[in-house]
$ cat work.csv   # CSV, C-alpha atoms and all ligand atoms
chain,number,residue,atom,x,y,z
L,1,MET,CA,16.7,44.8,46.5
L,2,SER,CA,13.5,42.8,45.7
L,3,LEU,CA,13.8,39.1,45.0
L,4,PRO,CA,12.7,37.7,41.6
L,5,VAL,CA,9.1,36.5,41.7
L,6,ILE,CA,8.5,32.8,41.8
L,7,PRO,CA,6.1,32.2,38.9
L,8,LEU,CA,3.0,30.1,39.2
L,9,PHE,CA,3.7,28.6,35.7
L,10,LYS,CA,6.8,28.3,33.6
L,11,PRO,CA,7.3,26.5,30.3
L,12,TYR,CA,9.6,23.5,30.6
L,13,ILE,CA,12.0,23.6,27.6
L,14,ALA,CA,14.4,20.6,27.0
L,15,PRO,CA,18.1,21.4,26.9
L,16,ARG,CA,19.2,23.5,23.9
L,17,GLU,CA,21.6,20.8,22.7
L,18,GLU,CA,18.8,18.3,22.5
L,19,LEU,CA,16.1,20.4,21.1
L,20,MET,CA,17.7,22.8,18.7
L,21,PRO,CA,19.2,20.2,16.3
L,22,GLU,CA,15.8,18.6,15.9
L,23,ILE,CA,14.1,21.9,15.2
L,24,GLU,CA,16.8,22.8,12.7
L,25,ARG,CA,16.5,19.4,11.0
L,26,VAL,CA,12.8,19.7,10.5
L,27,LEU,CA,12.9,23.3,9.4
L,28,TYR,CA,15.3,22.6,6.5
L,29,SER,CA,13.9,19.1,5.7
L,30,GLY,CA,11.5,20.3,3.1
L,31,GLN,CA,8.5,19.1,5.2
L,32,ILE,CA,7.3,21.2,8.1
L,33,GLY,CA,3.5,20.5,7.9
L,34,GLU,CA,1.8,17.3,9.0
L,35,GLY,CA,4.0,14.3,8.0
L,36,PRO,CA,6.0,11.5,9.4
L,37,LEU,CA,7.0,13.2,12.6
L,38,VAL,CA,3.4,13.6,13.6
L,39,VAL,CA,3.0,9.8,13.2
L,40,GLU,CA,6.2,9.3,15.2
L,41,PHE,CA,5.0,11.6,17.9
L,42,GLU,CA,1.7,9.8,18.1
L,43,LYS,CA,3.6,6.6,18.5
L,44,ALA,CA,5.8,8.0,21.3
L,45,PHE,CA,2.8,9.4,23.1
L,46,SER,CA,0.9,6.1,22.8
L,47,GLU,CA,3.8,4.3,24.4
L,48,TYR,CA,4.0,7.0,27.2
L,49,ILE,CA,0.3,6.7,28.0
L,50,GLY,CA,0.0,3.0,27.2
L,51,MET,CA,-2.8,3.3,24.8
L,52,PRO,CA,-2.5,2.6,21.0
L,53,HIS,CA,-4.9,5.2,19.6
L,54,CYS,CA,-3.5,8.7,20.1
L,55,VAL,CA,-4.3,11.4,17.6
L,56,ALA,CA,-2.2,14.6,17.6
L,57,VAL,CA,-4.0,17.8,17.0
L,58,SER,CA,-3.4,21.6,17.3
L,59,SER,CA,-4.8,22.1,20.8
L,60,CYS,CA,-6.6,20.4,23.6
L,61,THR,CA,-9.6,22.5,22.7
L,62,ALA,CA,-9.6,20.9,19.3
L,63,ALA,CA,-9.2,17.5,20.8
L,64,LEU,CA,-12.2,18.2,23.1
L,65,HIS,CA,-14.3,19.4,20.2
L,66,LEU,CA,-13.5,16.2,18.2
L,67,ALA,CA,-14.3,14.1,21.3
L,68,VAL,CA,-17.8,15.7,21.6
L,69,ILE,CA,-18.4,15.0,17.9
L,70,LEU,CA,-17.2,11.4,18.2
L,71,ALA,CA,-19.4,11.0,21.3
L,72,GLY,CA,-22.3,11.8,18.9
L,73,SER,CA,-22.9,15.4,19.9
L,74,PRO,CA,-25.4,14.4,22.6
L,75,GLU,CA,-28.1,17.0,23.2
L,76,GLN,CA,-26.7,17.5,26.7
L,77,MET,CA,-23.8,16.2,28.8
L,78,PHE,CA,-22.8,16.4,32.4
L,79,SER,CA,-20.0,18.8,32.9
L,80,THR,CA,-18.2,20.8,35.6
L,81,ALA,CA,-18.1,24.6,36.0
L,82,MET,CA,-14.8,24.3,37.9
L,83,THR,CA,-12.5,24.3,34.8
L,84,ALA,CA,-11.0,26.5,32.1
L,85,GLU,CA,-13.5,27.9,29.6
L,86,PRO,CA,-12.3,25.6,26.7
L,87,THR,CA,-13.8,22.5,28.4
L,88,ASN,CA,-17.3,23.9,28.2
L,89,MET,CA,-16.7,25.9,25.0
L,90,ALA,CA,-15.9,22.6,23.3
L,91,ILE,CA,-19.2,21.2,24.4
L,92,LEU,CA,-21.0,24.2,22.7
L,93,HIS,CA,-18.7,23.8,19.6
L,94,GLY,CA,-19.9,20.2,19.4
L,95,LYS,CA,-23.5,21.4,19.4
L,96,SER,CA,-24.1,19.9,22.8
L,97,LYS,CA,-25.0,21.7,26.1
L,98,PRO,CA,-23.4,21.3,29.6
L,99,LEU,CA,-25.4,20.4,32.7
L,100,PHE,CA,-23.2,21.4,35.6
L,101,LEU,CA,-23.0,18.8,38.4
L,102,ASP,CA,-21.5,19.7,41.7
L,103,CYS,CA,-17.9,19.4,42.7
L,104,ASP,CA,-16.0,17.8,45.5
L,105,SER,CA,-15.5,20.6,48.0
L,106,ILE,CA,-11.9,19.5,48.6
L,107,THR,CA,-10.6,18.8,45.0
L,108,GLY,CA,-13.0,20.8,42.9
L,109,ASN,CA,-13.5,17.7,40.7
L,110,ILE,CA,-16.9,16.8,39.5
L,111,ILE,CA,-19.0,14.4,41.6
L,112,ASN,CA,-22.3,12.6,41.0
L,113,ASP,CA,-24.6,14.6,43.2
L,114,LEU,CA,-27.9,13.4,41.7
L,115,ASN,CA,-29.5,10.2,40.8
L,116,PHE,CA,-29.0,10.9,37.1
L,117,ASN,CA,-30.4,7.6,35.9
L,118,VAL,CA,-33.8,8.7,37.3
L,119,ARG,CA,-33.7,12.4,36.7
L,120,TYR,CA,-32.0,12.5,33.3
L,121,SER,CA,-31.5,10.5,30.3
L,122,ILE,CA,-28.0,12.0,29.8
L,123,ASN,CA,-25.3,9.4,29.5
L,124,THR,CA,-22.2,11.4,28.6
L,125,LEU,CA,-19.9,13.1,31.0
L,126,MET,CA,-17.2,15.7,30.5
L,127,ALA,CA,-14.8,15.2,33.5
L,128,VAL,CA,-11.8,17.4,34.3
L,129,ASP,CA,-8.8,16.4,36.4
L,130,TYR,CA,-8.6,19.7,38.0
L,131,GLY,CA,-5.0,20.9,38.6
L,132,GLY,CA,-3.8,17.3,37.8
L,133,ILE,CA,-5.9,15.5,40.4
L,134,PRO,CA,-7.5,12.5,38.7
L,135,VAL,CA,-11.3,12.7,38.9
L,136,ASN,CA,-13.1,9.7,40.5
L,137,LEU,CA,-14.7,8.0,37.5
L,138,GLY,CA,-16.1,5.2,39.7
L,139,LEU,CA,-18.8,7.7,40.7
L,140,PHE,CA,-20.3,7.5,37.2
L,141,PRO,CA,-20.9,3.8,36.3
L,142,GLY,CA,-22.2,3.2,32.8
L,143,VAL,CA,-21.6,6.7,31.6
L,144,ARG,CA,-19.5,7.5,28.6
L,145,VAL,CA,-16.7,9.7,29.6
L,146,ILE,CA,-14.7,12.4,27.9
L,147,GLU,CA,-11.8,13.2,30.3
L,148,ASP,CA,-10.3,16.6,29.9
L,149,ALA,CA,-6.8,15.8,31.2
L,150,ALA,CA,-5.2,19.1,30.2
L,151,HIS,CA,-3.7,19.4,33.7
L,152,ALA,CA,-3.0,15.7,34.2
L,153,LEU,CA,-0.2,14.6,31.9
L,154,GLY,CA,1.5,11.7,33.7
L,155,ALA,CA,-1.1,11.5,36.5
L,156,LYS,CA,-2.2,8.0,37.6
L,157,ARG,CA,-5.6,6.7,38.7
L,158,HIS,CA,-5.4,3.6,40.8
L,159,GLY,CA,-2.0,2.9,39.3
L,160,ARG,CA,-3.1,3.4,35.7
L,161,MET,CA,-2.0,6.3,33.6
L,162,VAL,CA,-4.7,8.9,33.0
L,163,GLY,CA,-5.7,8.3,29.4
L,164,GLN,CA,-6.4,4.6,29.9
L,165,ASP,CA,-9.9,4.7,31.4
L,166,ALA,CA,-12.2,7.1,29.5
L,167,LEU,CA,-13.7,6.6,26.1
L,168,PHE,CA,-11.9,9.8,25.1
L,169,THR,CA,-9.1,11.6,26.9
L,170,THR,CA,-7.6,14.9,25.9
L,171,PHE,CA,-4.2,16.4,26.8
L,172,SER,CA,-2.9,19.9,26.3
L,173,LEU,CA,0.6,20.7,25.0
L,174,GLN,CA,-0.1,24.5,25.3
L,175,ALA,CA,2.6,26.9,26.5
L,176,ILE,CA,2.4,26.4,30.3
L,177,LYS,CA,1.4,22.8,30.6
L,178,HIS,CA,3.8,20.1,32.0
L,179,ILE,CA,5.1,19.4,28.5
L,180,THR,CA,4.7,22.0,25.8
L,181,THR,CA,5.1,22.1,22.0
L,182,GLY,CA,4.3,25.8,21.9
L,183,ASP,CA,0.7,24.8,21.3
L,184,GLY,CA,-0.8,21.4,20.6
L,185,GLY,CA,-3.0,18.7,21.9
L,186,ILE,CA,-3.6,14.9,22.0
L,187,LEU,CA,-6.9,13.0,21.7
L,188,VAL,CA,-6.7,9.5,23.1
L,189,CYS,CA,-9.4,7.2,21.8
L,190,LYS,CA,-10.3,3.8,23.2
L,191,ASN,CA,-11.4,2.6,19.8
L,192,LYS,CA,-9.5,2.4,16.6
L,193,GLU,CA,-12.5,3.4,14.5
L,194,ASP,CA,-12.9,6.6,16.5
L,195,ALA,CA,-9.2,7.4,16.1
L,196,GLU,CA,-9.4,6.9,12.3
L,197,ARG,CA,-12.4,9.2,12.1
L,198,ALA,CA,-10.6,11.8,14.3
L,199,ARG,CA,-7.7,11.8,11.9
L,200,ARG,CA,-10.0,12.6,9.0
L,201,LEU,CA,-11.9,15.3,11.0
L,202,ARG,CA,-8.7,17.0,12.1
L,203,TRP,CA,-8.0,17.8,8.4
L,204,PHE,CA,-11.1,18.8,6.5
L,205,GLY,CA,-12.6,15.3,6.6
L,206,ILE,CA,-9.9,14.1,4.3
L,207,ASP,CA,-8.1,10.7,4.7
L,208,ARG,CA,-4.4,11.6,4.3
L,209,GLY,CA,-3.6,8.2,2.9
L,210,VAL,CA,-5.8,8.6,-0.2
L,211,SER,CA,-4.9,10.6,-3.3
L,212,ARG,CA,-6.5,14.1,-3.2
L,213,THR,CA,-8.5,13.5,-6.4
L,214,SER,CA,-10.0,10.2,-5.4
L,215,VAL,CA,-10.8,11.2,-1.8
L,216,SER,CA,-14.5,11.7,-0.9
L,217,VAL,CA,-15.3,14.1,1.9
L,218,SER,CA,-18.6,13.1,3.6
L,219,GLU,CA,-18.7,15.2,6.8
L,220,ILE,CA,-17.6,18.6,8.1
L,221,GLY,CA,-13.9,18.5,8.9
L,222,TYR,CA,-11.6,21.1,10.6
L,223,LYS,CA,-8.1,22.4,10.4
L,224,TYR,CA,-7.0,20.8,13.7
L,225,ASN,CA,-3.9,18.9,12.6
L,226,MET,CA,-0.5,19.0,14.2
L,227,THR,CA,2.5,19.9,12.2
L,228,ASP,CA,5.9,18.1,11.9
L,229,LEU,CA,7.5,21.2,13.3
L,230,THR,CA,5.4,20.9,16.5
L,231,ALA,CA,5.8,17.1,16.6
L,232,ALA,CA,9.6,17.5,16.4
L,233,ILE,CA,9.5,19.6,19.5
L,234,GLY,CA,7.1,17.2,21.2
L,235,LEU,CA,9.3,14.2,20.5
L,236,VAL,CA,12.1,15.8,22.5
L,237,GLN,CA,10.0,17.3,25.2
L,238,LEU,CA,8.1,14.1,25.9
L,239,LYS,CA,11.4,12.4,26.8
L,240,HIS,CA,11.4,14.7,29.9
L,241,ALA,CA,7.8,14.2,30.9
L,242,ASN,CA,8.6,11.8,33.7
L,243,GLU,CA,11.2,14.0,35.4
L,244,VAL,CA,8.9,17.0,35.1
L,245,VAL,CA,5.9,15.3,36.6
L,246,GLU,CA,8.1,13.7,39.4
L,247,ALA,CA,9.4,17.2,40.3
L,248,HIS,CA,5.8,18.5,40.6
L,249,ARG,CA,4.9,15.5,42.8
L,250,ALA,CA,8.0,16.0,45.1
L,251,ASN,CA,7.1,19.6,45.6
L,252,ALA,CA,3.5,18.8,46.4
L,253,LYS,CA,4.6,16.3,49.1
L,254,PHE,CA,7.1,18.9,50.5
L,255,PHE,CA,4.4,21.5,50.8
L,256,ALA,CA,1.9,19.0,52.4
L,257,LYS,CA,4.5,18.4,55.1
L,258,GLU,CA,5.6,22.0,55.7
L,259,LEU,CA,2.5,24.2,55.3
L,260,ARG,CA,0.4,25.0,58.4
L,261,GLY,CA,-3.1,26.2,58.8
L,262,VAL,CA,-4.3,25.4,55.3
L,263,GLN,CA,-5.6,22.2,53.7
L,264,VAL,CA,-3.3,21.0,50.9
L,265,VAL,CA,-5.3,19.2,48.2
L,266,LEU,CA,-3.4,16.0,47.5
L,267,HIS,CA,-5.8,13.7,45.8
L,268,GLN,CA,-9.4,12.6,45.4
L,269,GLU,CA,-8.7,8.9,45.9
L,270,PRO,CA,-5.8,7.9,48.3
L,271,ASP,CA,-4.1,5.5,45.8
L,272,ASP,CA,-4.0,8.1,42.9
L,273,GLU,CA,-0.8,9.9,41.9
L,274,PRO,CA,-1.7,13.3,40.7
L,275,SER,CA,0.6,15.4,38.5
L,276,TYR,CA,-0.1,18.7,40.3
L,277,TRP,CA,0.0,21.2,37.5
L,278,PHE,CA,-0.5,23.7,40.3
L,279,LEU,CA,-1.1,23.0,43.9
L,280,THR,CA,-4.4,24.0,45.5
L,281,ILE,CA,-4.6,25.0,49.1
L,282,LEU,CA,-7.8,25.7,51.0
L,283,SER,CA,-8.5,28.0,53.9
L,284,ASP,CA,-11.5,29.7,55.4
L,285,LYS,CA,-9.3,32.8,55.6
L,286,LEU,CA,-9.5,33.1,51.9
L,287,ILE,CA,-13.3,33.5,51.9
L,288,ARG,CA,-13.2,37.2,52.7
L,289,ASN,CA,-9.5,38.1,52.4
L,290,ARG,CA,-8.3,36.4,49.2
L,291,ASP,CA,-7.4,39.6,47.4
L,292,ALA,CA,-5.4,40.9,50.3
L,293,ILE,CA,-3.7,37.5,50.8
L,294,VAL,CA,-2.8,37.3,47.1
L,295,ALA,CA,-1.4,40.9,47.2
L,296,TYR,CA,0.7,39.9,50.3
L,297,THR,CA,2.1,36.7,48.8
L,298,ASN,CA,2.9,38.5,45.5
L,299,ALA,CA,4.6,41.3,47.5
L,300,CYS,CA,6.7,38.5,49.1
L,301,GLY,CA,7.7,37.3,45.6
L,302,VAL,CA,5.4,34.3,45.4
L,303,SER,CA,3.0,34.4,42.5
L,304,CYS,CA,-0.3,32.7,43.4
L,305,GLY,CA,-3.9,33.2,42.7
L,306,THR,CA,-7.1,31.7,41.3
L,307,VAL,CA,-6.3,30.3,37.9
L,308,HIS,CA,-9.9,29.9,36.5
L,309,ARG,CA,-13.2,31.6,36.9
L,310,ARG,CA,-16.0,29.2,37.6
L,311,ASN,CA,-17.6,28.8,34.2
L,312,ASP,CA,-21.2,29.2,35.4
L,313,GLU,CA,-20.5,32.9,36.1
L,314,HIS,CA,-19.9,33.6,32.5
L,315,PRO,CA,-22.9,34.9,30.6
L,316,ILE,CA,-22.4,32.2,27.9
L,317,PHE,CA,-22.6,29.4,30.5
L,318,LYS,CA,-25.0,31.0,33.0
L,319,PRO,CA,-28.1,29.3,31.5
L,320,TYR,CA,-26.7,26.0,32.6
L,321,ALA,CA,-26.0,27.0,36.2
L,322,GLU,CA,-27.3,24.8,38.9
L,323,LYS,CA,-27.2,25.0,42.8
L,324,ASN,CA,-23.8,23.5,43.5
L,325,PRO,CA,-22.8,23.9,47.2
L,326,GLY,CA,-19.6,21.8,46.9
L,327,LEU,CA,-18.4,24.1,44.2
L,328,ASP,CA,-19.4,27.2,46.2
L,329,SER,CA,-17.3,26.0,49.1
L,330,PHE,CA,-14.2,25.0,47.0
L,331,TYR,CA,-14.3,28.2,44.9
L,332,SER,CA,-14.5,30.5,47.9
L,333,ARG,CA,-11.7,28.7,49.8
L,334,MET,CA,-9.2,27.9,47.1
L,335,LEU,CA,-5.8,29.3,46.2
L,336,HIS,CA,-3.3,27.9,43.7
L,337,ILE,CA,0.3,28.1,44.5
L,338,PRO,CA,3.5,27.2,42.5
L,339,CYS,CA,4.5,23.6,42.6
L,340,GLY,CA,6.4,23.0,39.4
L,341,TRP,CA,9.8,21.6,38.3
L,342,TRP,CA,11.4,25.1,38.4
L,343,LEU,CA,11.3,25.5,42.2
L,344,THR,CA,14.6,25.6,43.9
L,345,ASP,CA,15.1,24.6,47.6
L,346,GLN,CA,15.2,28.4,48.4
L,347,ASP,CA,12.0,28.9,46.4
L,348,ARG,CA,10.2,26.2,48.4
L,349,GLU,CA,11.3,27.7,51.7
L,350,ARG,CA,10.2,31.1,50.6
L,351,ILE,CA,6.8,29.7,49.6
L,352,VAL,CA,6.4,28.0,53.0
L,353,THR,CA,7.4,31.0,55.0
L,354,THR,CA,5.1,33.3,53.0
L,355,ILE,CA,2.0,31.0,53.2
L,356,ASN,CA,2.6,30.1,56.9
L,357,ALA,CA,2.9,33.8,57.7
L,358,TRP,CA,-0.8,34.5,56.9
L,359,SER,CA,-2.3,31.0,57.4
L,360,THR,CA,-1.2,30.7,61.0
L,361,LEU,CA,-2.1,34.2,62.1
L,401,LIG,C1,-8.9,22.2,31.8
L,401,LIG,C2,-8.5,22.7,30.5
L,401,LIG,N1,-9.0,22.2,29.4
L,401,LIG,C3,-8.7,22.5,28.2
L,401,LIG,C4,-7.8,23.5,28.0
L,401,LIG,C5,-7.4,23.9,26.6
L,401,LIG,O1,-6.1,23.6,26.2
L,401,LIG,P1,-5.5,24.2,24.9
L,401,LIG,O2,-5.0,25.5,25.2
L,401,LIG,O3,-4.4,23.2,24.6
L,401,LIG,O4,-6.5,24.2,23.9
L,401,LIG,C6,-7.2,24.1,29.1
L,401,LIG,C7,-6.2,25.2,28.9
L,401,LIG,O5,-5.5,25.7,29.7
L,401,LIG,C8,-7.5,23.7,30.4
L,401,LIG,O6,-7.0,24.3,31.5
$ encode --input "work.csv" --output "structure tokens" --more "lines below"
Ligand SMILES: Cc1ncc(COP(=O)(O)O)c(C=O)c1O
Amino acid sequence: MSLPVIPLFKPYIAPREELMPEIERVLYSGQIGEGPLVVEFEKAFSEYIGMPHCVAVSSCTAALHLAVILAGSPEQMFSTAMTAEPTNMAILHGKSKPLFLDCDSITGNIINDLNFNVRYSINTLMAVDYGGIPVNLGLFPGVRVIEDAAHALGAKRHGRMVGQDALFTTFSLQAIKHITTGDGGILVCKNKEDAERARRLRWFGIDRGVSRTSVSVSEIGYKYNMTDLTAAIGLVQLKHANEVVEAHRANAKFFAKELRGVQVVLHQEPDDEPSYWFLTILSDKLIRNRDAIVAYTNACGVSCGTVHRRNDEHPIFKPYAEKNPGLDSFYSRMLHIPCGWWLTDQDRERIVTTINAWSTL
């Protein structure tokens, strides 16, 4: 009899007795659209991250788009190809263009591989905490940063929560992220004025506090708002964020100790505490044999693989491709393995046995 497959991702859903009464309450309350629960959720998220200006939206992609607009839609911004498509799609949505810098060959995170002060007048950066590993923002002094922290809820950079450092930080509450609301996102703004504008932009450019007949819309707005139904789920789910992230961290540490013949990607800076949405391992064996290795691990009941295609291979982003040897190295040697809260002791042992079987050959 074959064993059930250990998934690479699994939605965390709070216990039924906590979640269901809140969903039922909001469904029959007479208000399921954007209302007081969105305000409450923003407040709870602000407390969690330790930043006062959090704006709840319909997805991380929406948050990224708003961040690009709030950053002034610069003609071009530094970005990374080692990410999910929405990162760079949002740059195009915001009428900007990416310029792909190279990546750290161990973490896949963006690095400053050029003297951009000399070569370019670009002063905005889209940075991604790939897999939940905080990107080293110290490499980019004086640059305005949009941090795509879709994978990095609860991660810490030099002891500070991710969300506290960049001009704008975005989080995803999509189905398989650490904490899900079904779908949803958060935009964290450093400045109050940006957050106020983001709240207008997320709903057709309309200020919710003003009567509909006296409101004046002066710029293009979107339908990016969160609903009270989503926020009710988020309020319950968020209470479990710490335990979820801690479970991911404990698993990463376990694998770092037990896996042989592969490099386990633990952090970019030693004093960071990543949130390990997935765990990345690196091996030269993956350069030519990744498909066979993935087929083998899947046959052993361990789901693993490469989660994202490097964006500069997509025709839409190819015009912005650069020579990036660090990315080439990372991309050819990487494999993502399960690391989440759902792993049992037996799952962890099976993952170790399965990986070590091919890595130590
Ligand atoms: C790095 C990254 N950024 C942005 C997103 C978009 O998130 P959402 O689905 O909430 O729009 C994702 C989604 O998986 C992602 O992986």
$ residues_around --input "work.csv" --residues "Gly94 (chain L)" --least-positions-apart "3" --cutoff "7 Å" --atoms "all atoms listed in the file" --output "list in words"
His65, Val68, Ile69, Ser73, Ala90 and Ile91 of chain L
$ closest_atom_pairs --input "work.csv" --of "chain L" --to "ligand LIG 401 (chain L)" --cutoff "9 Å" --atoms "all atoms listed in the file" --output "JSON lines"
{"residue": "L:Ser58", "atom": "CA", "partner": "L:LIG401", "partner_atom": "O3", "distance": 7.5}
{"residue": "L:Ser59", "atom": "CA", "partner": "L:LIG401", "partner_atom": "O3", "distance": 4.0}
{"residue": "L:Cys60", "atom": "CA", "partner": "L:LIG401", "partner_atom": "O3", "distance": 3.7}
{"residue": "L:Thr61", "atom": "CA", "partner": "L:LIG401", "partner_atom": "O4", "distance": 3.7}
{"residue": "L:Ala62", "atom": "CA", "partner": "L:LIG401", "partner_atom": "O4", "distance": 6.5}
{"residue": "L:Ala63", "atom": "CA", "partner": "L:LIG401", "partner_atom": "O4", "distance": 7.9}
{"residue": "L:Leu64", "atom": "CA", "partner": "L:LIG401", "partner_atom": "C3", "distance": 7.5}
{"residue": "L:Met82", "atom": "CA", "partner": "L:LIG401", "partner_atom": "C1", "distance": 8.7}
{"residue": "L:Thr83", "atom": "CA", "partner": "L:LIG401", "partner_atom": "C1", "distance": 5.1}
{"residue": "L:Ala84", "atom": "CA", "partner": "L:LIG401", "partner_atom": "O6", "distance": 4.6}
{"residue": "L:Glu85", "atom": "CA", "partner": "L:LIG401", "partner_atom": "N1", "distance": 7.3}
{"residue": "L:Pro86", "atom": "CA", "partner": "L:LIG401", "partner_atom": "C3", "distance": 5.0}
{"residue": "L:Thr87", "atom": "CA", "partner": "L:LIG401", "partner_atom": "N1", "distance": 4.9}
{"residue": "L:Asn88", "atom": "CA", "partner": "L:LIG401", "partner_atom": "N1", "distance": 8.6}
{"residue": "L:Ala90", "atom": "CA", "partner": "L:LIG401", "partner_atom": "C3", "distance": 8.7}
{"residue": "L:Val128", "atom": "CA", "partner": "L:LIG401", "partner_atom": "C1", "distance": 6.1}
{"residue": "L:Asp129", "atom": "CA", "partner": "L:LIG401", "partner_atom": "C1", "distance": 7.4}
{"residue": "L:Tyr130", "atom": "CA", "partner": "L:LIG401", "partner_atom": "C1", "distance": 6.7}
{"residue": "L:Gly131", "atom": "CA", "partner": "L:LIG401", "partner_atom": "C1", "distance": 7.9}
{"residue": "L:Asp148", "atom": "CA", "partner": "L:LIG401", "partner_atom": "N1", "distance": 5.8}
{"residue": "L:Ala149", "atom": "CA", "partner": "L:LIG401", "partner_atom": "C1", "distance": 6.8}
{"residue": "L:Ala150", "atom": "CA", "partner": "L:LIG401", "partner_atom": "C2", "distance": 4.9}
{"residue": "L:His151", "atom": "CA", "partner": "L:LIG401", "partner_atom": "C1", "distance": 6.2}
{"residue": "L:Thr170", "atom": "CA", "partner": "L:LIG401", "partner_atom": "C3", "distance": 8.0}
{"residue": "L:Phe171", "atom": "CA", "partner": "L:LIG401", "partner_atom": "O3", "distance": 7.1}
{"residue": "L:Ser172", "atom": "CA", "partner": "L:LIG401", "partner_atom": "O3", "distance": 4.0}
{"residue": "L:Leu173", "atom": "CA", "partner": "L:LIG401", "partner_atom": "O3", "distance": 5.6}
{"residue": "L:Gln174", "atom": "CA", "partner": "L:LIG401", "partner_atom": "O3", "distance": 4.5}
{"residue": "L:Ala175", "atom": "CA", "partner": "L:LIG401", "partner_atom": "O2", "distance": 7.8}
{"residue": "L:Ile176", "atom": "CA", "partner": "L:LIG401", "partner_atom": "O5", "distance": 8.0}
{"residue": "L:Lys177", "atom": "CA", "partner": "L:LIG401", "partner_atom": "O5", "distance": 7.5}
{"residue": "L:Asp183", "atom": "CA", "partner": "L:LIG401", "partner_atom": "O3", "distance": 6.3}
{"residue": "L:Gly184", "atom": "CA", "partner": "L:LIG401", "partner_atom": "O3", "distance": 5.7}
{"residue": "L:Gly185", "atom": "CA", "partner": "L:LIG401", "partner_atom": "O3", "distance": 5.4}
{"residue": "L:Ile186", "atom": "CA", "partner": "L:LIG401", "partner_atom": "O3", "distance": 8.7}
{"residue": "L:Val307", "atom": "CA", "partner": "L:LIG401", "partner_atom": "O6", "distance": 8.8}
{"residue": "L:His308", "atom": "CA", "partner": "L:LIG401", "partner_atom": "O6", "distance": 8.0}
$ atom_distance --input "work.csv" --atom1 "CA of Arg260 (chain L)" --atom2 "CA of Val245 (chain L)"
24.5 Å
$ closest_residue --input "work.csv" --among "L:Ser329, L:Thr124, L:Ser275, L:Gln164" --to "Ala241 (chain L)" --atoms "all atoms listed in the file"
L:Ser275
$ residues_around --input "work.csv" --residues "region 298-305 of chain L" --least-positions-apart "3" --cutoff "10 Å" --atoms "all atoms listed in the file" --output "MDAnalysis selection string"
chainID L and resid 2:9 278:280 290:295 308 334:338 347:348 350:355
$ write_last_selection --input "work.csv" --atoms "C-alpha atoms" --output "mmCIF file, keeping the file's coordinate frame"
data_model
loop_
_atom_site.group_PDB
_atom_site.id
_atom_site.type_symbol
_atom_site.label_atom_id
_atom_site.label_comp_id
_atom_site.auth_asym_id
_atom_site.auth_seq_id
_atom_site.Cartn_x
_atom_site.Cartn_y
_atom_site.Cartn_z
ATOM 1 C CA SER L 2 13.500 42.800 45.700
ATOM 2 C CA LEU L 3 13.800 39.100 45.000
ATOM 3 C CA PRO L 4 12.700 37.700 41.600
ATOM 4 C CA VAL L 5 9.100 36.500 41.700
ATOM 5 C CA ILE L 6 8.500 32.800 41.800
ATOM 6 C CA PRO L 7 6.100 32.200 38.900
ATOM 7 C CA LEU L 8 3.000 30.100 39.200
ATOM 8 C CA PHE L 9 3.700 28.600 35.700
ATOM 9 C CA PHE L 278 -0.500 23.700 40.300
ATOM 10 C CA LEU L 279 -1.100 23.000 43.900
ATOM 11 C CA THR L 280 -4.400 24.000 45.500
ATOM 12 C CA ARG L 290 -8.300 36.400 49.200
ATOM 13 C CA ASP L 291 -7.400 39.600 47.400
ATOM 14 C CA ALA L 292 -5.400 40.900 50.300
ATOM 15 C CA ILE L 293 -3.700 37.500 50.800
ATOM 16 C CA VAL L 294 -2.800 37.300 47.100
ATOM 17 C CA ALA L 295 -1.400 40.900 47.200
ATOM 18 C CA HIS L 308 -9.900 29.900 36.500
ATOM 19 C CA MET L 334 -9.200 27.900 47.100
ATOM 20 C CA LEU L 335 -5.800 29.300 46.200
ATOM 21 C CA HIS L 336 -3.300 27.900 43.700
ATOM 22 C CA ILE L 337 0.300 28.100 44.500
ATOM 23 C CA PRO L 338 3.500 27.200 42.500
ATOM 24 C CA ASP L 347 12.000 28.900 46.400
ATOM 25 C CA ARG L 348 10.200 26.200 48.400
ATOM 26 C CA ARG L 350 10.200 31.100 50.600
ATOM 27 C CA ILE L 351 6.800 29.700 49.600
ATOM 28 C CA VAL L 352 6.400 28.000 53.000
ATOM 29 C CA THR L 353 7.400 31.000 55.000
ATOM 30 C CA THR L 354 5.100 33.300 53.000
ATOM 31 C CA ILE L 355 2.000 31.000 53.200
#
$ closest_residue --input "work.csv" --among "L:Phe204, L:Tyr12, L:Val39, L:Leu70" --to "Leu343 (chain L)" --atoms "only C-alpha atoms"
L:Tyr12
$ residues_around --input "work.csv" --residues "region 312-325 of chain L" --least-positions-apart "3" --cutoff "12 Å" --atoms "all atoms listed in the file" --output "VMD selection string"
chain L and resid 76 to 92 96 to 106 108 110 to 114 308 to 309 328 to 332
$ residues_around --input "work.csv" --residues "Leu238 (chain L)" --least-positions-apart "2" --cutoff "8 Å" --atoms "only C-alpha atoms" --output "PyMOL selection string"
chain L and resi 44-45+179+234-236+240-241
$ residues_near_point --input "work.csv" --point "(-13.1, 15.2, 6.6)" --cutoff "12 Å" --atoms "all atoms listed in the file" --output "JSON, numbers by chain"
{"L": [66, 196, 197, 198, 199, 200, 201, 202, 203, 204, 205, 206, 207, 208, 210, 212, 215, 216, 217, 218, 219, 220, 221, 222, 223, 224, 225]}
$ atom_distance --input "work.csv" --atom1 "CA of Gly35 (chain L)" --atom2 "CA of Met161 (chain L)"
27.5 Å
$ closest_residue --input "work.csv" --among "L:Asn191, L:Cys339, L:Arg333, L:Gly138" --to "Asn251 (chain L)" --atoms "all atoms listed in the file"
L:Cys339
